[in-house]
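Colleague: I have a structure here, written as structure tokens, and I will follow up with some questions on it.
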Amino acid sequence: MKPLGITRAGVTVWGKTDQFKISERRGGPSWNPLLAHLLDTAACAGELWDHYLAVPVRDRLAETLGAGDVAVARRNAMFYAGLHDLGKASAGFQARFLDTDRGHLRRAAREWLAQARANGVPLPADLRAARRLRHELVTAHCLPRLLGCGCVDCGGTGTPHLGLHRVALLLGGHHGHIPGPDLLGRASTAAPPEDWDAVQRFLIGAVASFLDVDLDRLPEQTTFSRPASRPLFAGLVVTADWIASDANRFEYRDGGSVQQWWHDAKKQAHIAVHDLRLRGWEPKPGTWAELFPDTPEPRPFQAAAMNAAPEAGPALVIVEAGTGAGKTSLALWYAHHLARTNGYHGFYTAMPTRAATDQAAVEHIGFLGRAFGRPGDANLAIVHGAAEATDTAHRLLDAGEDARPDDLTDLIPFVESTICGRHDRDATTSVVLDPWYLRRCLGLLSTFGVGTVDQVALASQRSAHWFLRLFGLANKTVVIDEAHAYQLFQERLLGAAVAWLADAGASVVVLSATLPAATREALVAAWCRGHRTAVGDAAVRGTATRPAAAKGPVTVVDRHGRITRAAPDEPSAELHTRLDLLPDPGSAALADRLLREASAGGVTTVIRNRVGAAHDLYIHLLDQAGSHGWRRDEILLLHGRLAPRDRLPREAGIRALIGPGEDRRAPNPRRPHRLLVVSTQVIEQSLDLDSDRLYTDLAPVDLLIQRRGRLHRHAVNDGAGTRPPGFRTPRMTVLWQPDRAHLPLVQPPTGRTVGNRDALVYAPYALAATYHQLAERTVSAACPDCEDARRAGPAARIACLSTPRDTVGLIESVYAPGRFPETPMGALLATTWESWSADLARHANAAKAYALEPYHPGDGTPGDIHLLESGGANGRGADGTPGLAARSRLAERSVEAILLFHHPSEGEHPSGHYSYDPQGRIRADLKQYGLRGADRAARRAQQQNLLLNTVSVQASWFAHLPPVEYWENPGIGVLRHRRVIVLKPDGTGPEGGALQWLRYDSARGLHLAFRR
């Protein structure tokens, strides 16, 4: 074929079709040439390189794509990104145009086919005989040969060029899964060289010529030796491809010169990246007072941590301080400092729960308004599955006036919402929404984000688009909050993610109130593995010590493994708490005690380990309220088994009553004279609440210390006469269950024993060891604040807890115990320790099976790229499919479903109707709405209502429920292909139905009828 003929064939190969008539509405063509899309993607990669990539990420890609030459690497990265869809130049893919069932494309397909045959596109006479194979696999198979590899797999006799094969595999993964040899082996016949070689080489040459890529030197410039460079490059390609595939932002080409196509590609890519706010943070210098005007002077430990910050280079920062000490502000200061010194484009804060994420978002919005650094908009993504159901998110979404309906996608079952707030129209910086980030996996690409920690845990596993998660995080400072709240399985996954982030040049800030030394050292070791260095000596104000023995609440590790421990010149103020050990008297007796104790006033919080226990206590409190002179509305219940429609308003109401007021320097004027809050663990993490008195079930010691943080949290309430006389000393009562020998009952129930159901929530050893340590404190020397209370009676079991003084000692005595005493208590500890150690080994082994590491833990050699392959299961691996399904938690998996209530037939609704509430006041709109035009507002309201009624079904319940495939589904509109729970208006399941044992009410939430 002559050059002119090749050009005609090359520009006739199609790459995109106008599925939603976006191009047609602009008067454009119905299909886009493949070369045009390749150029669009290359241009987007160039814009991202210039404006989005963090400096360390750019450096690592320069190392792997240009031997350190940034300009060469930029061109090569654009070139490779453009070639991601090269495999579409194959008969099997081209034949797909004719498969369309959309009427407006059928005529276009016939016209294209005639044009393609006339221009010499090498299509078989019978397109039905064309070998159908995914185009990304064809790219991965053909590209090394086309770029000069002469190995056996490429049809030669030489040795493989590893760099070319690596980049081909990464491009082959641009739809989410890096392919393995089992998939690539099928590609050899999909685009035979004798048919498609000339067209593919034309496309390669065209892209190379516009970018001035030296194809002769390209192989030697392509290495991908550093493990992190692989997911970073794959993430860059996918991001560029997704932007370039947006028909709202890129016009389809119809005629004109290829040179004009390239000119248009660069122009449209520049506008798209700018409009999506994919531009790195340029933080202005700022003092602490400018960044945090509400607390203009840093606390001593904050000032010490700031002094320990490295002047250059990435850092791992571990902050260990009590609840309310200001860890979040310090983390944001570090994010600002590290962005200035390292060129990160933003930060992501990982929280343990959705509720904690929503609260943190408010603080982040205020911070960004002060710290963004240039006039314009800062895009803040909230990344969790129910973000759009929260009032805060909805108010901020409503402020985003530029939402484009064509960008909106299905928000169920997976939502990664971005919220915006234009609360100050005259400000130079607004925190805003771009609806592009509503799409799956795009939340982490936002330059700023706050979401759940699961996103970080999944970034080191072979799940769909895992490398896109890692790419988004690697350009940032990653803040991991509440690090003490994660199980060992999660800690190991986070450790693997830390190693990847270290190799990518990112920084990590870890916050914890109670972190065992072993966890701290594991994080430091993971950081050093990622930097391929050994853990160095620690230093505390210039004094070299062993890391485990060093003092100070802040640990800073640089890229060379050097550890600095920062401590304030003056010790932090001690928070003294009187701690009682009280055998649980049962719900009725406990209710009587609580109502009597707080009858004169005060805010009491009771934290129970299980929903059933919290609900039982709540019912007894309501039953006894009148006889003690309490109103029912002075008693509140909060737990996680409620639908968001019931839980979120309750959460917000409690926060409004006992959280801080608008002026944090003064008591909250809405704080009630008297209130009793019964809650589960949902209240212990990141909710800024202040109680006068605290009761809690026995829990692991680190969680008890965390729960203590809800007691006398706001100092402003201490000296203003806000607390009643009997509650002016912090007092926490720990409820424990004694067995017949008056030892703590910590074993779970069995068929023959009653047991303690709390042991199904927490490890028996952790409960036993915590009780033992607290009990030991009741007979040890007490501080003066506790002495008078001890004299009150010989049976008083009162301990003294002072934080942060006692925090480390208590945690280490539980999690790193010495020899157990030769007593009945010691025997209980030894037995439960053995069982717990076996569980920890199981968690460690499971994490090892799931987590990817950049370097082999044994010898530190780089991991092979084939370790990144998803395998035939594509990272799903469920129901007997080979492979492991990615997961962020080892606990039992819950199933999310939409909760609806079915009401009997009425005149206008002969088959009845569905509602979101039992009373039928909020009718369920279940129509199938489109994404554009008049449907937009209705669809958005519908999606929010569905999220507000999304509940979790515990995996253990499936012992009494049929598999979800057998659940009744109304099959109406938006409910098709969704898990649905349909209950009667009284909250019960239909008799004889699959869900007959399920119940729901606004107090207890979703539960099984015979379970407590």
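We label chains A, B, ... in the order they appear in the structure tokens, count residues from 1 in each chain, and number ligands from 1 in the order shown.
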Excluding stretch 801-808 of chain A and its own-chain neighbours fewer than 5 positions away, which residues fall within 10 Å of it when counting only C-alpha atoms? Please give them as a short mmCIF file (atom, residue, chain, number, x, y, z; two decimals) with N, CA and C atoms, in the first residue's frame.

Modeller:
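Result written to out_29.cif:
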data_model
loop_
_atom_site.label_atom_id
_atom_site.label_comp_id
_atom_site.auth_asym_id
_atom_site.auth_seq_id
_atom_site.Cartn_x
_atom_site.Cartn_y
_atom_site.Cartn_z
N GLU A 320 1.04 11.00 67.92
CA GLU A 320 0.33 10.28 68.97
C GLU A 320 -0.01 11.26 70.07
N ALA A 321 -1.28 11.59 70.17
CA ALA A 321 -1.72 12.54 71.18
C ALA A 321 -3.18 12.25 71.49
N GLY A 322 -3.61 12.67 72.65
CA GLY A 322 -4.95 12.38 73.11
C GLY A 322 -6.02 13.08 72.28
N THR A 323 -7.26 12.63 72.49
CA THR A 323 -8.39 13.22 71.81
C THR A 323 -8.50 14.70 72.16
N ALA A 513 -4.58 8.40 68.83
CA ALA A 513 -4.58 8.71 70.25
C ALA A 513 -3.85 7.62 71.04
N THR A 514 -3.90 6.40 70.53
CA THR A 514 -3.37 5.26 71.28
C THR A 514 -2.77 4.28 70.29
N LEU A 515 -1.49 4.36 70.04
CA LEU A 515 -0.85 3.50 69.05
C LEU A 515 0.16 2.59 69.73
N PRO A 516 -0.04 1.27 69.67
CA PRO A 516 0.97 0.37 70.23
C PRO A 516 2.32 0.55 69.54
N ALA A 517 3.40 0.34 70.28
CA ALA A 517 4.74 0.51 69.72
C ALA A 517 4.96 -0.40 68.52
N PRO A 553 5.59 12.75 71.46
CA PRO A 553 4.35 12.34 70.81
C PRO A 553 4.42 12.33 69.28
N PRO A 571 5.89 19.44 79.39
CA PRO A 571 4.97 18.32 79.19
C PRO A 571 3.54 18.82 79.00
N SER A 572 2.76 18.05 78.25
CA SER A 572 1.37 18.41 78.01
C SER A 572 0.58 18.32 79.31
N ALA A 573 -0.46 19.11 79.37
CA ALA A 573 -1.33 19.09 80.56
C ALA A 573 -1.97 17.71 80.69
N GLU A 574 -2.00 17.23 81.91
CA GLU A 574 -2.59 15.91 82.17
C GLU A 574 -4.11 16.01 82.29
N LEU A 575 -4.79 15.06 81.68
CA LEU A 575 -6.23 14.96 81.79
C LEU A 575 -6.54 13.82 82.76
N HIS A 576 -6.94 14.19 83.96
CA HIS A 576 -7.17 13.20 85.01
C HIS A 576 -8.60 12.70 84.95
N THR A 577 -8.76 11.39 85.09
CA THR A 577 -10.09 10.78 85.07
C THR A 577 -10.20 9.78 86.22
N ARG A 578 -11.28 9.90 86.96
CA ARG A 578 -11.60 8.87 87.96
C ARG A 578 -12.31 7.74 87.23
N LEU A 579 -11.80 6.53 87.38
CA LEU A 579 -12.29 5.39 86.62
C LEU A 579 -12.82 4.33 87.58
N VAL A 701 -8.26 -1.61 75.79
CA VAL A 701 -7.81 -0.42 76.50
C VAL A 701 -7.65 0.78 75.58
N ASP A 702 -7.17 0.58 74.36
CA ASP A 702 -6.99 1.72 73.47
C ASP A 702 -8.32 2.36 73.12
N ILE A 705 -9.55 4.43 76.13
CA ILE A 705 -8.90 5.74 76.16
C ILE A 705 -9.52 6.65 75.11
N ARG A 708 -12.81 7.79 76.42
CA ARG A 708 -12.60 8.80 77.44
C ARG A 708 -12.52 10.20 76.82
N GLY A 709 -12.14 10.27 75.54
CA GLY A 709 -12.05 11.55 74.86
C GLY A 709 -13.38 12.23 74.65
N ARG A 731 -15.31 11.55 85.25
CA ARG A 731 -15.52 10.22 85.84
C ARG A 731 -16.07 9.28 84.78
N MET A 732 -15.38 8.15 84.61
CA MET A 732 -15.78 7.13 83.64
C MET A 732 -15.98 5.82 84.37
N LEU A 774 -6.79 -2.52 84.55
CA LEU A 774 -7.58 -1.55 85.30
C LEU A 774 -7.79 -2.00 86.74
N ARG A 777 -4.95 -1.25 88.91
CA ARG A 777 -4.86 0.15 89.28
C ARG A 777 -5.75 0.50 90.47
N ALA A 782 -2.92 5.76 94.62
CA ALA A 782 -3.80 6.65 93.89
C ALA A 782 -3.30 8.07 93.97
N CYS A 783 -3.69 8.86 93.00
CA CYS A 783 -3.37 10.29 93.05
C CYS A 783 -4.29 10.96 94.06
N CYS A 786 -8.11 10.97 93.63
CA CYS A 786 -8.88 9.74 93.80
C CYS A 786 -8.92 9.26 95.25
N SER A 813 1.16 -2.62 78.21
CA SER A 813 0.93 -3.70 79.17
C SER A 813 -0.13 -4.67 78.68
#

Colleague: What does the structure give for the distance between atom CA of A:Arg370 and atom CA of A:His345, in Å to one decimal?

Modeller: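 Atom CA of A:Arg370 sits 16.2 Å away from atom CA of A:His345.
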
Colleague: Just want the 9 Å neighbourhood of A:His337, counted on only C-alpha atoms, with same-chain residues fewer than 6 positions away dropped. Output as a VMD selection string.

Modeller: chain A and resid 283 285 309 311

Colleague: Can you pull out every residue within 8 Å of A:Asn342, counting only C-alpha atoms, but drop anything in the same chain fewer than 4 positions away, and send it as a ChimeraX atom specification?

Modeller: /A:54-56,312-314,338

Colleague: I want to know what sits within 7 Å of stretch 35-48 of chain A, based on only C-alpha atoms, with residues of the same chain fewer than 6 positions away left out; could you give that as an mmCIF file with N, CA, C and O atoms, in the first residue's frame?

Modeller:
data_model
loop_
_atom_site.group_PDB
_atom_site.id
_atom_site.type_symbol
_atom_site.label_atom_id
_atom_site.label_comp_id
_atom_site.auth_asym_id
_atom_site.auth_seq_id
_atom_site.Cartn_x
_atom_site.Cartn_y
_atom_site.Cartn_z
ATOM 1 N N VAL A 11 -6.731 7.080 8.864
ATOM 2 C CA VAL A 11 -7.662 8.072 9.409
ATOM 3 C C VAL A 11 -9.106 7.616 9.299
ATOM 4 O O VAL A 11 -10.011 8.283 9.805
ATOM 5 N N GLY A 15 -12.621 4.993 16.288
ATOM 6 C CA GLY A 15 -12.236 4.785 17.676
ATOM 7 C C GLY A 15 -13.351 4.990 18.666
ATOM 8 O O GLY A 15 -13.407 4.335 19.704
ATOM 9 N N ARG A 74 8.485 13.419 29.220
ATOM 10 C CA ARG A 74 7.148 13.974 28.969
ATOM 11 C C ARG A 74 6.659 13.566 27.592
ATOM 12 O O ARG A 74 5.509 13.124 27.432
ATOM 13 N N MET A 78 3.447 10.993 26.847
ATOM 14 C CA MET A 78 2.332 11.375 25.982
ATOM 15 C C MET A 78 2.164 10.375 24.845
ATOM 16 O O MET A 78 1.037 9.973 24.502
ATOM 17 N N PHE A 79 3.293 9.983 24.262
ATOM 18 C CA PHE A 79 3.269 9.033 23.147
ATOM 19 C C PHE A 79 2.639 7.715 23.569
ATOM 20 O O PHE A 79 1.711 7.201 22.914
ATOM 21 N N ALA A 81 0.770 7.088 26.181
ATOM 22 C CA ALA A 81 -0.631 7.274 26.575
ATOM 23 C C ALA A 81 -1.521 7.302 25.338
ATOM 24 O O ALA A 81 -2.622 6.721 25.325
ATOM 25 N N GLY A 82 -1.050 7.969 24.288
ATOM 26 C CA GLY A 82 -1.836 8.006 23.067
ATOM 27 C C GLY A 82 -2.053 6.635 22.465
ATOM 28 O O GLY A 82 -3.120 6.354 21.897
ATOM 29 N N LEU A 83 -1.078 5.743 22.614
ATOM 30 C CA LEU A 83 -1.177 4.422 21.983
ATOM 31 C C LEU A 83 -1.981 3.418 22.797
ATOM 32 O O LEU A 83 -2.040 2.239 22.433
ATOM 33 N N LEU A 203 -0.269 4.685 12.591
ATOM 34 C CA LEU A 203 -0.770 5.359 13.789
ATOM 35 C C LEU A 203 0.378 5.679 14.743
ATOM 36 O O LEU A 203 0.453 6.777 15.308
ATOM 37 N N VAL A 207 1.543 9.646 15.706
ATOM 38 C CA VAL A 207 1.626 10.176 17.070
ATOM 39 C C VAL A 207 3.067 10.573 17.390
ATOM 40 O O VAL A 207 3.322 11.634 17.978
ATOM 41 N N LEU A 236 -1.799 7.544 35.126
ATOM 42 C CA LEU A 236 -1.748 8.703 34.231
ATOM 43 C C LEU A 236 -2.475 8.402 32.920
ATOM 44 O O LEU A 236 -3.245 9.228 32.421
ATOM 45 N N VAL A 237 -2.257 7.216 32.371
ATOM 46 C CA VAL A 237 -2.892 6.849 31.098
ATOM 47 C C VAL A 237 -4.407 6.796 31.245
ATOM 48 O O VAL A 237 -5.156 7.331 30.408
ATOM 49 N N ALA A 240 -5.873 10.320 31.607
ATOM 50 C CA ALA A 240 -5.869 11.017 30.323
ATOM 51 C C ALA A 240 -6.929 10.451 29.390
ATOM 52 O O ALA A 240 -7.633 11.207 28.687
ATOM 53 N N ASP A 241 -7.084 9.145 29.375
ATOM 54 C CA ASP A 241 -8.065 8.504 28.502
ATOM 55 C C ASP A 241 -9.478 8.901 28.888
ATOM 56 O O ASP A 241 -10.318 9.203 28.026
ATOM 57 N N ALA A 244 -10.133 12.453 27.805
ATOM 58 C CA ALA A 244 -10.230 12.547 26.350
ATOM 59 C C ALA A 244 -11.468 11.844 25.803
ATOM 60 O O ALA A 244 -11.900 12.122 24.680
ATOM 61 N N ARG A 253 -13.927 14.462 15.058
ATOM 62 C CA ARG A 253 -13.378 15.060 13.837
ATOM 63 C C ARG A 253 -14.104 14.526 12.601
ATOM 64 O O ARG A 253 -14.420 13.342 12.515
ATOM 65 N N TRP A 261 -6.202 18.361 13.661
ATOM 66 C CA TRP A 261 -6.659 17.511 14.763
ATOM 67 C C TRP A 261 -5.753 17.683 15.980
ATOM 68 O O TRP A 261 -6.230 17.766 17.118
ATOM 69 N N TRP A 262 -4.445 17.694 15.760
ATOM 70 C CA TRP A 262 -3.498 17.812 16.871
ATOM 71 C C TRP A 262 -3.616 19.191 17.517
ATOM 72 O O TRP A 262 -3.582 19.311 18.742
ATOM 73 N N ALA A 265 -6.675 19.092 19.611
ATOM 74 C CA ALA A 265 -6.481 18.221 20.777
ATOM 75 C C ALA A 265 -5.785 18.984 21.895
ATOM 76 O O ALA A 265 -6.198 18.918 23.069
ATOM 77 N N LYS A 266 -4.727 19.699 21.575
ATOM 78 C CA LYS A 266 -3.985 20.446 22.596
ATOM 79 C C LYS A 266 -4.851 21.535 23.221
ATOM 80 O O LYS A 266 -4.836 21.730 24.442
ATOM 81 N N ALA A 269 -7.633 19.841 25.403
ATOM 82 C CA ALA A 269 -7.052 19.225 26.598
ATOM 83 C C ALA A 269 -6.713 20.285 27.634
ATOM 84 O O ALA A 269 -6.939 20.096 28.842
ATOM 85 N N HIS A 270 -6.172 21.406 27.183
ATOM 86 C CA HIS A 270 -5.830 22.481 28.112
ATOM 87 C C HIS A 270 -7.078 22.997 28.832
ATOM 88 O O HIS A 270 -7.076 23.174 30.055
ATOM 89 N N VAL A 273 -8.528 20.121 31.366
ATOM 90 C CA VAL A 273 -7.784 19.961 32.620
ATOM 91 C C VAL A 273 -7.982 21.170 33.513
ATOM 92 O O VAL A 273 -8.104 21.052 34.742
#

Colleague: Of the candidates A:Leu946, A:Glu812, A:Pro985, A:Arg96, which shows the shortest atom-to-atom distance to A:Gln919, using only C-alpha atoms?

Modeller: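 Of all the options, A:Pro985 lies closest to A:Gln919.
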
Colleague: Using only C-alpha atoms, which residue out of A:Arg340, A:Arg226, A:Lys927, A:Arg940 lies closest to A:Trp281?

Modeller: A:Arg340

Colleague: So which residues touch A:Gln681 within 10 Å, counting only C-alpha atoms, skipping near sequence neighbours fewer than 2 positions away, as a CSV table (one decimal) with C-alpha atoms, in the first residue's frame?

Modeller:
chain,number,residue,atom,x,y,z
A,607,ILE,CA,-21.4,3.6,75.2
A,608,ARG,CA,-22.4,0.0,74.7
A,609,ASN,CA,-20.5,-2.6,72.5
A,610,ARG,CA,-23.6,-4.0,70.8
A,611,VAL,CA,-26.8,-2.6,69.3
A,638,LEU,CA,-27.6,6.4,68.3
A,639,HIS,CA,-26.2,3.3,66.6
A,640,GLY,CA,-25.0,2.2,63.1
A,679,SER,CA,-24.8,4.9,71.8
A,683,ILE,CA,-19.8,7.9,68.9
A,684,GLU,CA,-16.2,7.1,69.8
A,685,GLN,CA,-14.4,8.1,66.6
A,696,THR,CA,-18.9,2.4,78.9
A,703,LEU,CA,-10.7,2.1,72.7
A,707,ARG,CA,-14.0,6.8,74.5

Colleague: Residues within 8 Å of A:Leu636, please, as an mmCIF file with N, CA, C and O atoms, in the first residue's frame. Count only C-alpha atoms; anything in the same chain fewer than 6 positions from it doesn't count.

Modeller:
data_model
loop_
_atom_site.group_PDB
_atom_site.id
_atom_site.type_symbol
_atom_site.label_atom_id
_atom_site.label_comp_id
_atom_site.auth_asym_id
_atom_site.auth_seq_id
_atom_site.Cartn_x
_atom_site.Cartn_y
_atom_site.Cartn_z
ATOM 1 N N TYR A 618 -31.950 1.572 76.330
ATOM 2 C CA TYR A 618 -32.782 2.692 75.897
ATOM 3 C C TYR A 618 -34.261 2.438 76.230
ATOM 4 O O TYR A 618 -34.969 3.331 76.733
ATOM 5 N N LEU A 675 -29.316 15.636 79.711
ATOM 6 C CA LEU A 675 -29.411 14.792 78.522
ATOM 7 C C LEU A 675 -28.759 13.459 78.808
ATOM 8 O O LEU A 675 -27.731 13.390 79.483
ATOM 9 N N LEU A 676 -29.361 12.387 78.265
ATOM 10 C CA LEU A 676 -28.811 11.051 78.391
ATOM 11 C C LEU A 676 -28.696 10.467 76.990
ATOM 12 O O LEU A 676 -29.698 10.318 76.285
ATOM 13 N N VAL A 677 -27.468 10.162 76.547
ATOM 14 C CA VAL A 677 -27.213 9.628 75.211
ATOM 15 C C VAL A 677 -26.737 8.181 75.349
ATOM 16 O O VAL A 677 -25.734 7.915 76.017
ATOM 17 N N VAL A 678 -27.460 7.269 74.729
ATOM 18 C CA VAL A 678 -27.062 5.865 74.685
ATOM 19 C C VAL A 678 -26.579 5.597 73.260
ATOM 20 O O VAL A 678 -27.301 5.866 72.291
#

Colleague: Just give me the gap between atom CA of A:His84 and atom CA of A:Leu852 in Å, one decimal is fine.

Modeller: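 Atom CA of A:Leu852 lies at a distance of 24.3 Å from atom CA of A:His84.
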
Colleague: Here is a test: counting only C-alpha atoms, which residue of A:Asp758, A:Glu869, A:Asp935, A:Asp839 is nearest to A:Ser463?

Modeller: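 Of the candidates, the smallest distance to A:Ser463 is held by A:Glu869.
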
Colleague: Hey, can you check how far atom CA of A:Leu278 sits from atom CA of A:Gly443?

Modeller: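 Atom CA of A:Gly443 lies at a distance of 11.9 Å from atom CA of A:Leu278.
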
Colleague: Please identify the alpha helix (DSSP H) residues within stretch 265-315 of chain A (assignment by DSSP from backbone atoms) and present them as a list of chain:residue names.

Modeller: A:Ala265, A:Lys266, A:Lys267, A:Gln268, A:Ala269, A:His270, A:Ile271, A:Ala272, A:Val273, A:His274, A:Asp275, A:Trp288, A:Ala289, A:Glu290, A:Leu291, A:Pro300, A:Phe301, A:Gln302, A:Ala303, A:Ala304, A:Ala305, A:Met306, A:Asn307
